[in-house]
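S.K.: The structure that follows is given in the form of structure tokens.
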Amino acid sequence: MKILYLLFIVSFIVGCGTSDSHRAALDTELGTHEKAIVQDKQLPLIPYPQSITRHSGTLQLSQSVVLIAPQKASTAMPALIRVLDEINLKQDASSASKIHIQLVDEPILGAEGYRLIINNDIKLSANSDAGLFYGVQTLSQLLIKQQDSLFILPKVEITDTPTFAWRGNMLDVARSFLPVEYLKQHIERMARFKLNRLHLHLTDDQGWRVEIAGYPKLTEIGGASAVEGGRSGFYTQDQIRQLVKFAQDRHVTLVPEVDLPGHTQAAIAAYNRLACDDVTNLAPYNGLEVGFSKLCLTKPETTYPFVKDVLTQLVALFPSKYIHIGGDEIKDPLYAEFIGRATRMVEELGRTAIAWEEGSVADNNPDVLLQLWNDKYDIQPALARGHQIILSPCSYTYFDHGNYTGQANTYDWCRKEGVPLERAYQLNPQNFKQVIGVESAMWSELVHTNEAADNRLWPRLLATAELAWTEERHRDYPRFLSRVDSVIPILDRLNIKYYQD
Ligand code: TNX
């Protein structure tokens with residue numbers, strides 16, 4: 001029985017530097033909690049790193065650590081200090097526990113990769129501050145107190161780089177508003193799991209959430225409405241600038257979306273001239289329907305200057321290379337022309353547009369990104385023209401769908417069983433072509449509080465993080481699930497009210 005157990009343990013270890021017989025010997029030598037760390041499971045890391053070599057033994061940290069780091073670790077150092085504060089591990093120059101951070105020049109680490117070596121001390125190296133930042137996140141997940149209140153780390157060498165550049169999450173702040181404080185928390189939480197794109201769906205029929213100079217009614221009227229039961233509100237330009245900086249310090253790019261030319265009732269309610277003359281309902285909307293509103297495309301002299309003003313200000317506020325122009329769920333004979341013009345406007349402003357998949361019918365420059373959201377949408381013709389895609393197929397990535405079948409206040413139009421964690425993990429980006437990355441989406445028609453948002457986002461966002469970062473050969477659902485259990489203390493540390501089954 002014991003031998004079988006050991007075989008089972010050994011079979012669990014991926015990329016392990018310790019031989020099986022050595023491991024069996026270790027098993028008899030070590031104390032219980034050391035055993036747990038050195039062997040039996042995968043390291044408690046999400047997303048799982050690309051390469052791990054484990055060595056025998058552990059490193060026990062003293063009650064304090066000393067950090068040795070270059071000036072240029074300008075976000076990695078503060079990130080590490082935040083983690084140390086969070087776990088109450090003090091800094092002390094005379095400590096025997098050293099954490100060395102260094103910039104190196106190793107092409108295989110790329111722009112975001114890192115190497116973390118835990119031996120008699122901790123060495124973290126990367127080509128860039130971003131790489132160091134991600135190494136800090138990995139280290140932070142290993143800094144979990146054992147039962148006896150000690151930090152005991154496995155001796156390992158981890159070399160890690162992301163699979164995809166785009167590791168995203170979308171929050172719909174238009175149907176129901178999310179306050180700045182929540183977004184900050186969310187950015188911090190995303191970064192802990194190496195997610196790096198926060199797409200903000202800023203406008204829709206039920207609300208307009210971003211201040212646009214010269215158009216005060218967008219936020220006076222559009223900012224005051226919300227879906228029924230949801231929260232209203234808007235972000236001032238100052239708040240956006242602060243959020244952008246907060247996110248930059250955590251290597252998260254804020255990607256703004258103004259949804260055009262449909263999903264625009266809030267804008268039309270604010271400025272009635274944006275509607276066609278025969279439209280009668282010009283009031284704010286708080287229902288759940290989609291696809292009924294549009295900017296008037298037969299009044300180009302009114303519509304395009306508005307669109308240009310909004311895009312110009314978004315570009316000034318958000319440094320993101322990509323600006324999302326929406327483009328979903330609308331029928332209009334002039335739709336394709338509109339999308340083509342809007343994507344070129346973004347280009348003239350020095351950025352690149354993203355459009356939901358429907359925008360692929362327009363004559364767009366091939367560097368425009370398309371966001372795939374219907375599992376079955378035929379994106380092939382757009383791929384043939386050279387477009388790259390963000391993967392958000394709704395039956396895997398729509399986290400406004402239930403954590404389980406029939407969860408209250410969730411949608412099921414895309415998948416009647418909801419999108420349980422296992423389903424979220426089953427998306428295989430490698431089955432698609434020309435993929436820049438993965439993005440899960442939380443629409444907010446039915447999500448009206450911070451707690452509900454936490455419940456819809458976590459732990460499923462851990463699946464998004466791993467799909468986007470970790471290569472297919474290291475992904476395995478049972479192992480992932482056991483690592484989800486291991487990172488629960490981290491979710492608790494971050495005060496996340498995650499869904500618990
Ligand atoms: C589809 S996905 C939408 C949203 C809804 C969502 C609800 C997409 C581009 N449009 O307007 O909020 O379904 O699940």
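Chain lettering (A, B, ...) mirrors the order of the structure tokens, residue numbering begins at 1 for each chain separately, and ligand numbering begins at 1 in order of display.
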Could the residues of segment 261-323 of chain A that have an atom at most 8 Å from segment 338-346 of chain A be listed as JSON lines, each with its closest atom pair and the distance in Å to one decimal, counting only C-alpha atoms and ordered by chain and ascending residue number?
M.R.:
{"residue": "A:Pro261", "atom": "CA", "partner": "A:Phe338", "partner_atom": "CA", "distance": 7.6}
{"residue": "A:Leu297", "atom": "CA", "partner": "A:Phe338", "partner_atom": "CA", "distance": 7.4}
{"residue": "A:Val307", "atom": "CA", "partner": "A:Ala342", "partner_atom": "CA", "distance": 7.7}
{"residue": "A:Lys308", "atom": "CA", "partner": "A:Met345", "partner_atom": "CA", "distance": 7.0}
{"residue": "A:Leu311", "atom": "CA", "partner": "A:Val346", "partner_atom": "CA", "distance": 7.0}
{"residue": "A:Ile323", "atom": "CA", "partner": "A:Val346", "partner_atom": "CA", "distance": 7.2}
S.K.: Which neighbours of segment 189-199 of chain A fall inside 9 Å, counting only C-alpha atoms, when residues of the same chain fewer than 3 positions from it are skipped, and could you give them as a ChimeraX atom specification?
M.R.: /A:45-47,134,136-138,140-141,162,165-172,184-186,202,247,250-257,324,439,441,461-462,464-466,468-469,491,494,496
S.K.: Can you pull out every residue with an atom within 8 Å of ligand 1? Use only C-alpha atoms and all ligand atoms and format it as a list in words.
M.R.: Asp172, Arg175, Asp204, His263, Val290, Gly326, Gly327, Asp328, Glu329, Trp356, Trp373, Asn374, Cys394, Tyr398, Asp400, His401, Tyr411, Asp412, Trp413, Cys414, Met442, Trp443, Ser444 and Glu445 of chain A
S.K.: Write out as an MDAnalysis selection string each polymer residue whose atoms come within 9 Å of Tyr404 of chain A, counting only C-alpha atoms; drop sequence neighbours fewer than 5 positions from it.
M.R.: chainID A and resid 417:421 501
S.K.: Take the residues that were just selected and, keeping N, CA, C and O atoms, output them as a JSON list (two decimals), in the first residue's frame.
M.R.:
[["chain", "number", "residue", "atom", "x", "y", "z"],
["A", 417, "GLU", "N", -26.34, 24.76, -18.93],
["A", 417, "GLU", "CA", -25.76, 24.22, -17.68],
["A", 417, "GLU", "C", -24.92, 25.26, -16.95],
["A", 417, "GLU", "O", -24.31, 24.97, -15.92],
["A", 418, "GLY", "N", -24.84, 26.49, -17.49],
["A", 418, "GLY", "CA", -23.94, 27.49, -16.89],
["A", 418, "GLY", "C", -22.50, 27.22, -17.31],
["A", 418, "GLY", "O", -22.24, 26.42, -18.22],
["A", 419, "VAL", "N", -21.59, 27.89, -16.64],
["A", 419, "VAL", "CA", -20.16, 27.71, -16.96],
["A", 419, "VAL", "C", -19.41, 27.35, -15.67],
["A", 419, "VAL", "O", -18.75, 28.19, -15.06],
["A", 420, "PRO", "N", -19.54, 26.10, -15.22],
["A", 420, "PRO", "CA", -18.82, 25.70, -14.02],
["A", 420, "PRO", "C", -17.31, 25.79, -14.24],
["A", 420, "PRO", "O", -16.84, 25.84, -15.38],
["A", 421, "LEU", "N", -16.58, 25.80, -13.13],
["A", 421, "LEU", "CA", -15.12, 25.94, -13.19],
["A", 421, "LEU", "C", -14.49, 24.95, -14.18],
["A", 421, "LEU", "O", -13.62, 25.32, -14.97],
["A", 501, "ASP", "N", -18.26, 25.80, -3.56],
["A", 501, "ASP", "CA", -19.30, 24.79, -3.77],
["A", 501, "ASP", "C", -19.41, 23.85, -2.58],
["A", 501, "ASP", "O", -18.73, 24.01, -1.59]]
S.K.: Once DSSP has gone over the backbone, tell me which residues of segment 86-313 of chain A are in strand (DSSP E), as a ChimeraX atom specification.
M.R.: /A:90-91,98-103,114-118,122-126,152-160,166-172,197-201,203-204,207-208,253-260
